[in-house]
file my_file-v2.tsv (TSV, C-alpha atoms)
chain	number	residue	atom	x	y	z
A	1	MET	CA	-55.80	-138.51	127.49
A	2	VAL	CA	-58.30	-136.83	125.22
A	3	ASP	CA	-59.15	-133.19	125.97
A	4	GLN	CA	-62.80	-132.94	127.02
A	5	ASN	CA	-63.27	-129.57	125.26
A	6	PRO	CA	-67.01	-129.23	124.49
A	7	GLN	CA	-66.10	-127.48	121.22
A	8	ALA	CA	-63.97	-130.39	120.04
A	9	ILE	CA	-65.07	-132.02	116.83
A	10	TYR	CA	-64.85	-135.81	116.74
A	11	LEU	CA	-66.21	-138.38	114.40
A	12	SER	CA	-69.36	-139.69	116.09
A	13	PRO	CA	-71.02	-143.03	115.30
A	14	PRO	CA	-73.18	-142.61	112.19
A	15	PRO	CA	-76.81	-143.70	112.00
A	16	SER	CA	-77.60	-147.33	111.32
A	17	ALA	CA	-78.15	-148.69	107.85
A	18	ALA	CA	-81.88	-148.93	108.52
A	19	GLU	CA	-82.06	-145.14	108.93
A	20	GLY	CA	-80.17	-144.39	105.73
A	21	GLY	CA	-81.84	-146.83	103.37
A	22	GLY	CA	-80.09	-149.16	100.94
A	23	ALA	CA	-78.90	-148.47	97.44
A	24	SER	CA	-81.05	-149.74	94.63
A	25	LYS	CA	-79.51	-151.93	91.99
A	26	GLY	CA	-80.01	-151.54	88.30
A	27	GLY	CA	-79.06	-153.78	85.44
A	28	GLY	CA	-76.81	-152.98	82.51
A	29	PHE	CA	-75.64	-149.51	81.53
A	30	LEU	CA	-78.91	-147.87	82.64
A	31	GLY	CA	-78.32	-149.24	86.13
A	32	LEU	CA	-75.54	-146.68	86.62
A	33	PHE	CA	-78.16	-143.93	86.59
A	34	GLN	CA	-80.74	-145.80	88.67
A	35	MET	CA	-78.59	-146.53	91.74
A	36	GLY	CA	-79.34	-144.76	94.99
A	37	ARG	CA	-76.91	-143.45	97.58
A	38	PRO	CA	-73.75	-145.61	97.75
A	39	LYS	CA	-73.02	-147.46	100.99
A	40	LEU	CA	-70.50	-145.71	103.22
A	41	ARG	CA	-67.78	-147.42	105.23
A	42	VAL	CA	-66.63	-145.33	108.19
A	43	THR	CA	-63.59	-146.35	110.25
A	44	SER	CA	-62.27	-144.45	113.26
A	45	GLU	CA	-59.17	-145.41	115.26
A	46	PHE	CA	-57.90	-143.81	118.47
A	47	ASP	CA	-54.32	-144.11	119.76
A	48	SER	CA	-53.89	-143.10	123.41
A	49	GLU	CA	-50.13	-142.56	123.00
A	50	SER	CA	-50.61	-139.75	120.46
A	51	SER	CA	-54.17	-138.81	121.54
A	52	VAL	CA	-55.15	-138.67	117.88
A	53	PHE	CA	-58.17	-140.04	116.03
A	54	PHE	CA	-57.44	-141.56	112.60
A	55	ASN	CA	-60.57	-141.49	110.45
A	56	ARG	CA	-61.44	-142.98	107.07
A	57	ILE	CA	-64.66	-142.68	105.07
A	58	SER	CA	-65.02	-144.61	101.82
A	59	CYS	CA	-67.64	-145.71	99.33
A	60	LYS	CA	-67.81	-147.45	95.97
A	61	LEU	CA	-69.23	-145.56	93.00
A	62	LEU	CA	-70.85	-146.46	89.67
A	63	ASP	CA	-71.49	-150.12	90.46
A	64	ASN	CA	-67.97	-150.66	91.90
A	65	LEU	CA	-66.22	-149.03	88.93
A	66	ALA	CA	-64.49	-146.54	91.26
A	67	LYS	CA	-63.81	-146.01	94.96
A	68	LEU	CA	-63.83	-142.69	96.82
A	69	LYS	CA	-61.99	-142.38	100.14
A	70	LEU	CA	-61.45	-139.51	102.58
A	71	THR	CA	-58.88	-139.73	105.38
A	72	PHE	CA	-58.14	-137.22	108.12
A	73	GLN	CA	-57.04	-136.96	111.75
A	74	ASN	CA	-58.48	-135.25	114.83
A	75	ASP	CA	-56.17	-134.14	117.61
A	76	SER	CA	-57.17	-133.61	121.25
A	77	LYS	CA	-58.40	-130.08	120.41
A	78	GLY	CA	-60.70	-131.34	117.67
A	79	GLU	CA	-58.67	-129.83	114.85
A	80	VAL	CA	-58.75	-131.61	111.49
A	81	LEU	CA	-55.25	-132.64	110.37
A	82	GLU	CA	-53.82	-134.05	107.13
A	83	PRO	CA	-57.08	-134.40	105.14
A	84	GLN	CA	-56.59	-136.37	101.93
A	85	VAL	CA	-58.99	-137.50	99.21
A	86	PHE	CA	-58.45	-140.64	97.12
A	87	LEU	CA	-60.30	-141.63	93.94
A	88	THR	CA	-59.27	-145.00	92.53
A	89	SER	CA	-60.41	-147.08	89.59
A	90	LYS	CA	-59.01	-149.90	87.50
A	91	PHE	CA	-56.98	-147.63	85.21
A	92	LEU	CA	-56.63	-144.31	87.07
A	93	SER	CA	-56.10	-143.15	90.66
A	94	VAL	CA	-55.95	-139.65	92.15
A	95	GLN	CA	-54.61	-138.71	95.59
A	96	TYR	CA	-55.31	-135.10	96.64
A	97	ASP	CA	-53.65	-133.45	99.65
A	98	VAL	CA	-56.03	-130.73	100.85
A	99	GLU	CA	-53.53	-128.88	103.06
A	100	GLU	CA	-50.79	-128.84	100.42
A	101	SER	CA	-53.19	-128.32	97.48
A	102	ASP	CA	-51.23	-131.04	95.71
A	103	ALA	CA	-52.26	-134.12	93.78
A	104	LEU	CA	-50.64	-137.39	92.75
A	105	LEU	CA	-52.00	-138.97	89.57
A	106	LYS	CA	-51.38	-142.59	88.60
A	107	ALA	CA	-52.49	-144.46	85.49
A	108	SER	CA	-52.00	-148.06	84.40
A	109	PHE	CA	-53.45	-150.01	81.48
A	110	GLU	CA	-52.58	-152.75	79.01
A	111	ILE	CA	-51.81	-151.49	75.51
A	112	VAL	CA	-51.81	-154.94	73.93
A	113	PRO	CA	-51.64	-158.38	75.56
A	114	GLY	CA	-48.24	-158.67	77.23
A	115	LEU	CA	-47.44	-154.92	77.12
A	116	GLN	CA	-48.45	-152.63	80.01
A	117	PHE	CA	-48.10	-148.87	80.42
A	118	ARG	CA	-47.75	-147.10	83.81
A	119	ALA	CA	-47.43	-143.42	84.64
A	120	ALA	CA	-47.31	-141.26	87.77
A	121	HIS	CA	-47.32	-137.45	88.06
A	122	GLU	CA	-46.97	-135.09	91.03
A	123	VAL	CA	-48.81	-131.90	90.11
A	124	LYS	CA	-47.08	-129.44	92.45
A	125	ALA	CA	-43.58	-130.76	91.89
A	126	ARG	CA	-44.21	-131.10	88.14
A	127	GLN	CA	-42.39	-134.40	88.00
A	128	GLY	CA	-43.28	-138.05	87.62
A	129	GLU	CA	-42.39	-141.33	85.97
A	130	VAL	CA	-43.49	-143.35	82.97
A	131	ALA	CA	-42.83	-147.07	82.52
A	132	MET	CA	-43.43	-149.84	80.00
A	133	VAL	CA	-43.56	-153.49	81.08
A	134	ALA	CA	-43.32	-156.23	78.46
A	135	ASP	CA	-43.63	-160.02	78.79
A	136	LEU	CA	-40.66	-161.91	77.37
A	137	GLY	CA	-42.15	-165.07	75.96
A	138	SER	CA	-44.20	-165.78	79.10
A	139	PRO	CA	-45.59	-163.79	82.07
A	140	ALA	CA	-42.82	-165.24	84.27
A	141	TYR	CA	-40.21	-163.17	82.42
A	142	LYS	CA	-40.70	-159.41	82.21
A	143	LEU	CA	-38.66	-156.40	81.09
A	144	GLU	CA	-39.50	-153.00	82.55
A	145	LEU	CA	-38.18	-149.68	81.25
A	146	ALA	CA	-38.91	-146.66	83.46
A	147	SER	CA	-37.92	-143.03	83.01
A	148	ALA	CA	-38.34	-139.96	85.19
A	149	VAL	CA	-40.29	-136.98	83.84
A	150	PRO	CA	-38.59	-134.68	83.02
A	151	ALA	CA	-35.99	-137.20	81.90
A	152	VAL	CA	-32.67	-137.40	83.76
A	153	GLY	CA	-30.19	-139.82	82.22
A	154	MET	CA	-31.01	-143.19	80.72
A	155	PRO	CA	-34.18	-145.13	81.62
A	156	ARG	CA	-34.06	-147.63	84.48
A	157	ALA	CA	-34.13	-151.21	83.17
A	158	THR	CA	-35.41	-154.11	85.29
A	159	LEU	CA	-35.41	-157.75	84.24
A	160	LYS	CA	-37.74	-159.99	86.26
A	161	PHE	CA	-37.52	-163.77	86.17
A	162	PRO	CA	-38.81	-166.66	88.35
A	163	LEU	CA	-35.79	-166.63	90.70
A	164	GLY	CA	-35.58	-162.85	91.19
A	165	GLU	CA	-34.84	-159.62	89.36
A	166	VAL	CA	-31.96	-157.38	88.28
A	167	SER	CA	-32.22	-153.61	87.89
A	168	LEU	CA	-29.80	-151.21	86.15
A	169	GLU	CA	-30.07	-147.46	86.75
A	170	GLU	CA	-27.89	-144.46	85.93
A	171	LYS	CA	-27.11	-142.30	88.99
A	172	GLU	CA	-24.93	-139.35	89.88
A	173	GLU	CA	-21.77	-140.27	91.75
A	174	GLU	CA	-21.40	-138.61	95.16
A	175	GLU	CA	-17.85	-137.39	94.60
A	176	GLU	CA	-18.47	-135.90	91.15
A	177	GLU	CA	-21.93	-134.42	90.56
A	178	GLN	CA	-21.37	-134.05	86.83
A	179	LYS	CA	-20.36	-137.69	86.42
A	180	ARG	CA	-22.97	-140.41	86.24
A	181	GLY	CA	-22.37	-144.07	86.93
A	182	LEU	CA	-24.32	-147.29	86.59
A	183	SER	CA	-26.06	-148.59	89.72
A	184	VAL	CA	-26.95	-152.28	89.97
A	185	ASN	CA	-29.60	-153.75	92.28
A	186	ALA	CA	-30.45	-157.44	92.30
A	187	ILE	CA	-32.30	-160.06	94.28
A	188	VAL	CA	-32.10	-163.81	93.70
A	189	LYS	CA	-33.93	-166.60	95.54
A	190	SER	CA	-33.35	-170.34	95.40
A	191	HIS	CA	-34.41	-173.45	97.34
A	192	VAL	CA	-31.47	-174.96	99.27
A	193	LEU	CA	-31.64	-177.81	101.82
A	194	ASP	CA	-35.39	-177.61	102.45
A	195	GLY	CA	-35.17	-173.82	102.85
A	196	VAL	CA	-35.01	-170.64	100.78
A	197	CYS	CA	-31.73	-168.80	100.26
A	198	THR	CA	-32.00	-165.11	99.30
A	199	ALA	CA	-29.19	-162.87	98.06
A	200	ARG	CA	-29.64	-159.09	97.74
A	201	TYR	CA	-27.20	-156.66	96.18
A	202	SER	CA	-27.68	-152.90	96.51
A	203	GLU	CA	-25.31	-149.92	96.69
A	204	GLU	CA	-22.27	-152.25	96.86
A	205	ASN	CA	-23.75	-154.07	99.85
A	206	VAL	CA	-24.63	-157.76	99.88
A	207	GLU	CA	-27.15	-159.41	102.17
A	208	LEU	CA	-27.33	-163.19	102.37
A	209	ARG	CA	-30.35	-164.74	104.10
A	210	TYR	CA	-31.40	-168.34	104.59
A	211	ALA	CA	-34.86	-169.29	105.84
A	212	TYR	CA	-35.82	-172.76	107.01
A	213	LYS	CA	-39.37	-173.45	108.17
A	214	ASP	CA	-41.36	-176.51	109.14
A	215	GLU	CA	-44.51	-177.04	111.21
A	216	GLN	CA	-42.77	-176.39	114.54
A	217	MET	CA	-39.65	-174.32	113.89
A	218	THR	CA	-38.36	-171.40	111.81
A	219	LEU	CA	-34.65	-170.55	111.55
A	220	VAL	CA	-33.42	-167.45	109.68
A	221	PRO	CA	-29.68	-166.62	109.80
A	222	SER	CA	-28.51	-163.63	107.77
A	223	ILE	CA	-25.28	-161.71	107.14
A	224	SER	CA	-24.53	-158.36	105.51
A	225	LEU	CA	-21.29	-157.69	103.63
A	226	PRO	CA	-18.87	-155.94	103.84
A	227	SER	CA	-20.07	-154.89	107.35
A	228	ASN	CA	-20.14	-158.55	108.50
A	229	ALA	CA	-23.31	-157.83	110.49
A	230	LEU	CA	-24.60	-161.27	111.48
A	231	SER	CA	-28.01	-162.01	112.99
A	232	CYS	CA	-30.18	-165.03	113.60
A	233	ALA	CA	-33.95	-165.25	114.09
A	234	PHE	CA	-35.53	-168.30	115.69
A	235	LYS	CA	-39.20	-169.20	116.13
A	236	ARG	CA	-40.59	-172.23	117.94
A	237	ARG	CA	-44.23	-173.26	117.91
A	238	PHE	CA	-45.13	-175.29	120.99
A	239	SER	CA	-48.81	-175.73	120.10
A	240	PRO	CA	-51.30	-174.26	117.62
A	241	SER	CA	-51.84	-171.38	120.06
A	242	ASP	CA	-48.35	-170.83	121.56
A	243	LYS	CA	-45.22	-169.54	119.83
A	244	LEU	CA	-41.88	-168.08	120.94
A	245	SER	CA	-39.75	-165.79	118.73
A	246	TYR	CA	-36.13	-164.81	119.38
A	247	LEU	CA	-33.73	-162.51	117.49
A	248	TYR	CA	-30.01	-162.05	118.23
A	249	ASN	CA	-27.59	-159.60	116.55
A	250	PHE	CA	-24.02	-160.85	116.92
A	251	ASP	CA	-22.34	-157.55	116.02
A	252	THR	CA	-24.15	-155.54	118.73
A	253	ASN	CA	-25.10	-158.32	121.20
A	254	ASN	CA	-28.63	-156.95	121.18
A	255	TRP	CA	-31.50	-159.40	121.37
A	256	SER	CA	-35.28	-159.47	121.59
A	257	ALA	CA	-37.82	-162.14	122.49
A	258	VAL	CA	-41.59	-162.36	122.04
A	259	TYR	CA	-44.06	-164.93	123.38
A	260	LYS	CA	-47.49	-165.16	121.72
A	261	HIS	CA	-50.64	-166.98	122.85
A	262	THR	CA	-53.82	-166.94	120.76
A	263	VAL	CA	-57.41	-167.98	121.45
A	264	GLY	CA	-59.03	-168.51	118.08
A	265	LYS	CA	-58.57	-165.64	115.67
A	266	GLU	CA	-60.10	-162.96	117.85
A	267	TYR	CA	-57.92	-162.93	120.99
A	268	LYS	CA	-54.13	-162.65	121.20
A	269	PHE	CA	-51.73	-162.09	124.10
A	270	LYS	CA	-48.12	-161.09	123.45
A	271	ALA	CA	-45.26	-160.35	125.84
A	272	GLY	CA	-41.67	-159.50	125.04
A	273	TYR	CA	-38.39	-157.79	125.87
A	274	ASP	CA	-36.05	-155.67	123.70
A	275	ALA	CA	-32.47	-155.46	125.01
A	276	GLU	CA	-31.51	-152.59	122.68
A	277	VAL	CA	-33.97	-150.16	124.30
A	278	ARG	CA	-34.11	-152.11	127.62
A	279	LEU	CA	-37.88	-152.33	127.52
A	280	GLY	CA	-40.32	-155.04	128.54
A	281	TRP	CA	-43.90	-155.03	127.31
A	282	ALA	CA	-47.15	-156.97	127.20
A	283	SER	CA	-50.04	-156.58	124.76
A	284	LEU	CA	-53.59	-157.91	124.53
A	285	TRP	CA	-55.55	-157.86	121.25
A	286	VAL	CA	-59.31	-158.29	120.93
A	287	GLY	CA	-59.93	-158.79	117.23
A	288	ASP	CA	-57.50	-160.17	114.65
A	289	GLU	CA	-54.28	-158.14	114.94
A	290	ASP	CA	-53.47	-158.43	111.24
A	291	GLY	CA	-57.07	-158.48	110.00
A	292	LYS	CA	-59.51	-155.71	109.20
A	293	ALA	CA	-62.05	-154.27	111.59
A	294	LYS	CA	-64.94	-155.61	109.50
A	295	THR	CA	-64.00	-159.20	110.40
A	296	ALA	CA	-63.73	-158.52	114.17
A	297	PRO	CA	-66.61	-158.97	116.66
A	298	PHE	CA	-68.89	-155.93	116.51
A	299	LYS	CA	-66.51	-154.67	113.79
A	300	MET	CA	-64.19	-153.35	116.50
A	301	LYS	CA	-60.56	-154.07	117.42
A	302	VAL	CA	-58.99	-153.19	120.77
A	303	GLN	CA	-55.34	-153.32	121.86
A	304	LEU	CA	-54.07	-152.81	125.40
A	305	MET	CA	-50.30	-152.47	125.90
A	306	LEU	CA	-48.16	-152.14	129.03
A	307	GLN	CA	-44.57	-150.87	128.61
A	308	VAL	CA	-42.06	-151.24	131.45
A	309	PRO	CA	-38.62	-149.59	131.03
A	310	GLN	CA	-35.94	-151.64	132.77
A	311	ASP	CA	-34.06	-148.57	134.03
A	312	ASP	CA	-37.12	-146.70	135.31
A	313	ILE	CA	-39.98	-149.00	136.29
A	314	LYS	CA	-41.92	-146.08	137.82
A	315	SER	CA	-42.35	-144.59	134.32
A	316	SER	CA	-44.28	-147.64	133.09
A	317	ALA	CA	-47.14	-146.72	130.78
A	318	LEU	CA	-50.45	-148.34	129.90
A	319	MET	CA	-51.65	-147.51	126.40
A	320	PHE	CA	-54.55	-148.57	124.25
A	321	ARG	CA	-55.81	-148.40	120.69
A	322	VAL	CA	-59.41	-148.79	119.55
A	323	LYS	CA	-60.56	-149.23	115.96
A	324	LYS	CA	-64.23	-149.29	115.01
A	325	ARG	CA	-65.99	-149.59	111.67
A	326	TRP	CA	-69.56	-148.67	110.70
A	327	ASP	CA	-71.34	-149.63	107.48
A	328	ILE	CA	-74.05	-147.13	106.58
call {"tool": "encode", "arguments": {"input": "my_file-v2.tsv", "output": "structure tokens"}}
result
Amino acid sequence: MVDQNPQAIYLSPPPSAAEGGGASKGGGFLGLFQMGRPKLRVTSEFDSESSVFFNRISCKLLDNLAKLKLTFQNDSKGEVLEPQVFLTSKFLSVQYDVEESDALLKASFEIVPGLQFRAAHEVKARQGEVAMVADLGSPAYKLELASAVPAVGMPRATLKFPLGEVSLEEKEEEEEEQKRGLSVNAIVKSHVLDGVCTARYSEENVELRYAYKDEQMTLVPSISLPSNALSCAFKRRFSPSDKLSYLYNFDTNNWSAVYKHTVGKEYKFKAGYDAEVRLGWASLWVGDEDGKAKTAPFKMKVQLMLQVPQDDIKSSALMFRVKKRWDI
């Protein structure tokens, strides 16, 4: 529960838009200097499990040419934690960590049609990455060359095509630090028997996954090699508002199941059980679970969750999360 310390500092609901006044709009280049105060978007979320407020304040600047965002947390004592400032635009973004006095700079722009430049730099660590992405005949085929700064070894090369991508990168071998080898990562997708087959290769491991989906059923078997870890996910839709999901891991015999019932887009009930942690749970959402707070009724989302451990029912816990947005 939240500490009721009268000296605690929490983000309180801001005044209404009528009290702050709207921003005036100007036309053309002169409009940039005629605009009034930008509209603020304030979002605050409370999680009862951690007793922490997650806050975000953002606004658009210079007729939507840039966006300024401030994020921070408040614990139960009212202390401000992890404040960060973000400034983003079409070509440049800056992320500043106030506590660490560190910044991450990112830039991206098109040099000529079909050739894009990207760069990232961590100020405190004095390291980053630069990359060039070129279209090969059409936008569906791309070649990306990326190099760390300062440079270590050869650049990473990635070939992207409609069915997937292949990446080659030089890395140090674990047994011999002075020796560098070539690392290959790849992903390929293809339509097979009314489904999608996906093959991933990374660090000498292969994952094969097949996904079949129609209006009522989804079936996703997968296997990892050389570990031979086999799993299968199954989903069955009984009606537009009722769905059952089931996952079974053959190598560990662990399984989980989730039942979901929705009422429109604003109300959702979910209940499930996870055999690996031996935990049953139930959850109620008011407001779209995957949507933003601005689309929810009163621009507020609420989640109530009950967790019941199978081995200790007396330690069951009721938790909640509340997320609210204000437009000033």
call {"tool": "atom_distance", "arguments": {"input": "my_file-v2.tsv", "atom1": "atom CA of A:Lys171", "atom2": "atom CA of A:Ser222"}}
result
28.5 Å
call {"tool": "closest_residue", "arguments": {"input": "my_file-v2.tsv", "among": "A:Glu207, A:Asp242, A:Glu144, A:Asp214", "to": "A:Ala229", "atoms": "all atoms listed in the file"}}
result
A:Glu207
call {"tool": "closest_residue", "arguments": {"input": "my_file-v2.tsv", "among": "A:Phe269, A:Glu79, A:Glu100, A:Val277", "to": "A:Val302", "atoms": "only C-alpha atoms"}}
result
A:Phe269
call {"tool": "residues_near_point", "arguments": {"input": "my_file-v2.tsv", "point": "(-46.5, -139.7, 84.7)", "cutoff": "8 Å", "atoms": "only C-alpha atoms", "output": "list in words"}}
result
Leu105, Lys106, Ala107, Arg118, Ala119, Ala120, His121, Glu122, Gln127, Gly128, Glu129, Val130 and Val149 of chain A
call {"tool": "atom_distance", "arguments": {"input": "my_file-v2.tsv", "atom1": "atom CA of A:Leu65", "atom2": "atom CA of A:Pro139"}}
result
26.3 Å
call {"tool": "atom_distance", "arguments": {"input": "my_file-v2.tsv", "atom1": "atom CA of A:His191", "atom2": "atom CA of A:Gly114"}}
result
28.5 Å
call {"tool": "residues_around", "arguments": {"input": "my_file-v2.tsv", "residues": "A:Ser44", "least_positions_apart": "3", "cutoff": "8 Å", "atoms": "all atoms listed in the file", "output": "list of chain:residue names"}}
result
A:Leu11, A:Phe53, A:Phe54, A:Asn55, A:Arg56, A:Lys323, A:Lys324, A:Arg325
call {"tool": "residues_around", "arguments": {"input": "my_file-v2.tsv", "residues": "A:Leu306", "least_positions_apart": "4", "cutoff": "6 Å", "atoms": "only C-alpha atoms", "output": "list in words"}}
result
Trp281, Ala282, Ala317 and Leu318 of chain A
call {"tool": "residues_around", "arguments": {"input": "my_file-v2.tsv", "residues": "A:Ile187", "least_positions_apart": "3", "cutoff": "9 Å", "atoms": "only C-alpha atoms", "output": "MDAnalysis selection string"}}
result
chainID A and resid 163:166 198:202
call {"tool": "residues_near_point", "arguments": {"input": "my_file-v2.tsv", "point": "(-43.4, -150.4, 82.1)", "cutoff": "7 Å", "atoms": "all atoms listed in the file", "output": "MDAnalysis selection string"}}
result
chainID A and resid 116:118 131:134 144:146
call {"tool": "write_last_selection", "arguments": {"input": "my_file-v2.tsv", "atoms": "C-alpha atoms", "output": "mmCIF file, keeping the file's coordinate frame"}}
result
data_model
loop_
_atom_site.group_PDB
_atom_site.id
_atom_site.type_symbol
_atom_site.label_atom_id
_atom_site.label_comp_id
_atom_site.auth_asym_id
_atom_site.auth_seq_id
_atom_site.Cartn_x
_atom_site.Cartn_y
_atom_site.Cartn_z
ATOM 1 C CA GLN A 116 -48.450 -152.630 80.010
ATOM 2 C CA PHE A 117 -48.100 -148.870 80.420
ATOM 3 C CA ARG A 118 -47.750 -147.100 83.810
ATOM 4 C CA ALA A 131 -42.830 -147.070 82.520
ATOM 5 C CA MET A 132 -43.430 -149.840 80.000
ATOM 6 C CA VAL A 133 -43.560 -153.490 81.080
ATOM 7 C CA ALA A 134 -43.320 -156.230 78.460
ATOM 8 C CA GLU A 144 -39.500 -153.000 82.550
ATOM 9 C CA LEU A 145 -38.180 -149.680 81.250
ATOM 10 C CA ALA A 146 -38.910 -146.660 83.460
#
call {"tool": "residues_around", "arguments": {"input": "my_file-v2.tsv", "residues": "A:Thr252", "least_positions_apart": "5", "cutoff": "10 Å", "atoms": "only C-alpha atoms", "output": "list in words"}}
result
Ala229, Leu230, Ser231 and Glu276 of chain A
call {"tool": "closest_residue", "arguments": {"input": "my_file-v2.tsv", "among": "A:Val322, A:Val85, A:Val98, A:Leu219", "to": "A:Asp194", "atoms": "all atoms listed in the file"}}
result
A:Leu219
call {"tool": "decode", "arguments": {"input": "my_file-v2.tsv", "residues": "stretch 312-324 of chain A", "atoms": "N, CA, C and O atoms", "output": "PDB file, in the first residue's frame"}}
result
ATOM      1  N   ASP A 312       0.210 -22.666  -1.317  1.00  0.00           N
ATOM      2  CA  ASP A 312      -0.043 -21.846  -0.138  1.00  0.00           C
ATOM      3  C   ASP A 312      -1.187 -20.882  -0.440  1.00  0.00           C
ATOM      4  O   ASP A 312      -0.982 -19.701  -0.719  1.00  0.00           O
ATOM      5  N   ILE A 313      -2.405 -21.406  -0.385  1.00  0.00           N
ATOM      6  CA  ILE A 313      -3.579 -20.607  -0.754  1.00  0.00           C
ATOM      7  C   ILE A 313      -3.746 -19.399   0.165  1.00  0.00           C
ATOM      8  O   ILE A 313      -4.233 -18.346  -0.250  1.00  0.00           O
ATOM      9  N   LYS A 314      -3.287 -19.521   1.428  1.00  0.00           N
ATOM     10  CA  LYS A 314      -3.450 -18.420   2.373  1.00  0.00           C
ATOM     11  C   LYS A 314      -2.631 -17.188   1.974  1.00  0.00           C
ATOM     12  O   LYS A 314      -2.918 -16.085   2.447  1.00  0.00           O
ATOM     13  N   SER A 315      -1.619 -17.366   1.128  1.00  0.00           N
ATOM     14  CA  SER A 315      -0.799 -16.232   0.700  1.00  0.00           C
ATOM     15  C   SER A 315      -1.314 -15.601  -0.593  1.00  0.00           C
ATOM     16  O   SER A 315      -0.577 -14.890  -1.277  1.00  0.00           O
ATOM     17  N   SER A 316      -2.565 -15.877  -0.942  1.00  0.00           N
ATOM     18  CA  SER A 316      -3.165 -15.270  -2.130  1.00  0.00           C
ATOM     19  C   SER A 316      -3.105 -13.745  -2.026  1.00  0.00           C
ATOM     20  O   SER A 316      -3.199 -13.174  -0.932  1.00  0.00           O
ATOM     21  N   ALA A 317      -2.956 -13.099  -3.168  1.00  0.00           N
ATOM     22  CA  ALA A 317      -2.783 -11.644  -3.175  1.00  0.00           C
ATOM     23  C   ALA A 317      -3.701 -11.022  -4.216  1.00  0.00           C
ATOM     24  O   ALA A 317      -3.873 -11.549  -5.315  1.00  0.00           O
ATOM     25  N   LEU A 318      -4.284  -9.885  -3.847  1.00  0.00           N
ATOM     26  CA  LEU A 318      -5.099  -9.086  -4.755  1.00  0.00           C
ATOM     27  C   LEU A 318      -4.317  -7.827  -5.098  1.00  0.00           C
ATOM     28  O   LEU A 318      -3.945  -7.060  -4.212  1.00  0.00           O
ATOM     29  N   MET A 319      -4.063  -7.627  -6.371  1.00  0.00           N
ATOM     30  CA  MET A 319      -3.273  -6.487  -6.827  1.00  0.00           C
ATOM     31  C   MET A 319      -4.073  -5.677  -7.839  1.00  0.00           C
ATOM     32  O   MET A 319      -5.045  -6.176  -8.411  1.00  0.00           O
ATOM     33  N   PHE A 320      -3.639  -4.452  -8.045  1.00  0.00           N
ATOM     34  CA  PHE A 320      -4.328  -3.624  -9.025  1.00  0.00           C
ATOM     35  C   PHE A 320      -3.343  -2.646  -9.659  1.00  0.00           C
ATOM     36  O   PHE A 320      -2.298  -2.313  -9.081  1.00  0.00           O
ATOM     37  N   ARG A 321      -3.702  -2.207 -10.847  1.00  0.00           N
ATOM     38  CA  ARG A 321      -2.948  -1.190 -11.573  1.00  0.00           C
ATOM     39  C   ARG A 321      -3.942  -0.180 -12.137  1.00  0.00           C
ATOM     40  O   ARG A 321      -4.998  -0.565 -12.654  1.00  0.00           O
ATOM     41  N   VAL A 322      -3.597   1.092 -12.036  1.00  0.00           N
ATOM     42  CA  VAL A 322      -4.446   2.157 -12.538  1.00  0.00           C
ATOM     43  C   VAL A 322      -3.597   3.073 -13.413  1.00  0.00           C
ATOM     44  O   VAL A 322      -2.510   3.484 -13.006  1.00  0.00           O
ATOM     45  N   LYS A 323      -4.090   3.382 -14.597  1.00  0.00           N
ATOM     46  CA  LYS A 323      -3.395   4.281 -15.509  1.00  0.00           C
ATOM     47  C   LYS A 323      -4.366   5.363 -15.976  1.00  0.00           C
ATOM     48  O   LYS A 323      -5.449   5.061 -16.476  1.00  0.00           O
ATOM     49  N   LYS A 324      -3.961   6.610 -15.798  1.00  0.00           N
ATOM     50  CA  LYS A 324      -4.819   7.747 -16.113  1.00  0.00           C
ATOM     51  C   LYS A 324      -4.043   8.758 -16.949  1.00  0.00           C
ATOM     52  O   LYS A 324      -2.881   9.010 -16.706  1.00  0.00           O
TER      53      LYS A 324
END
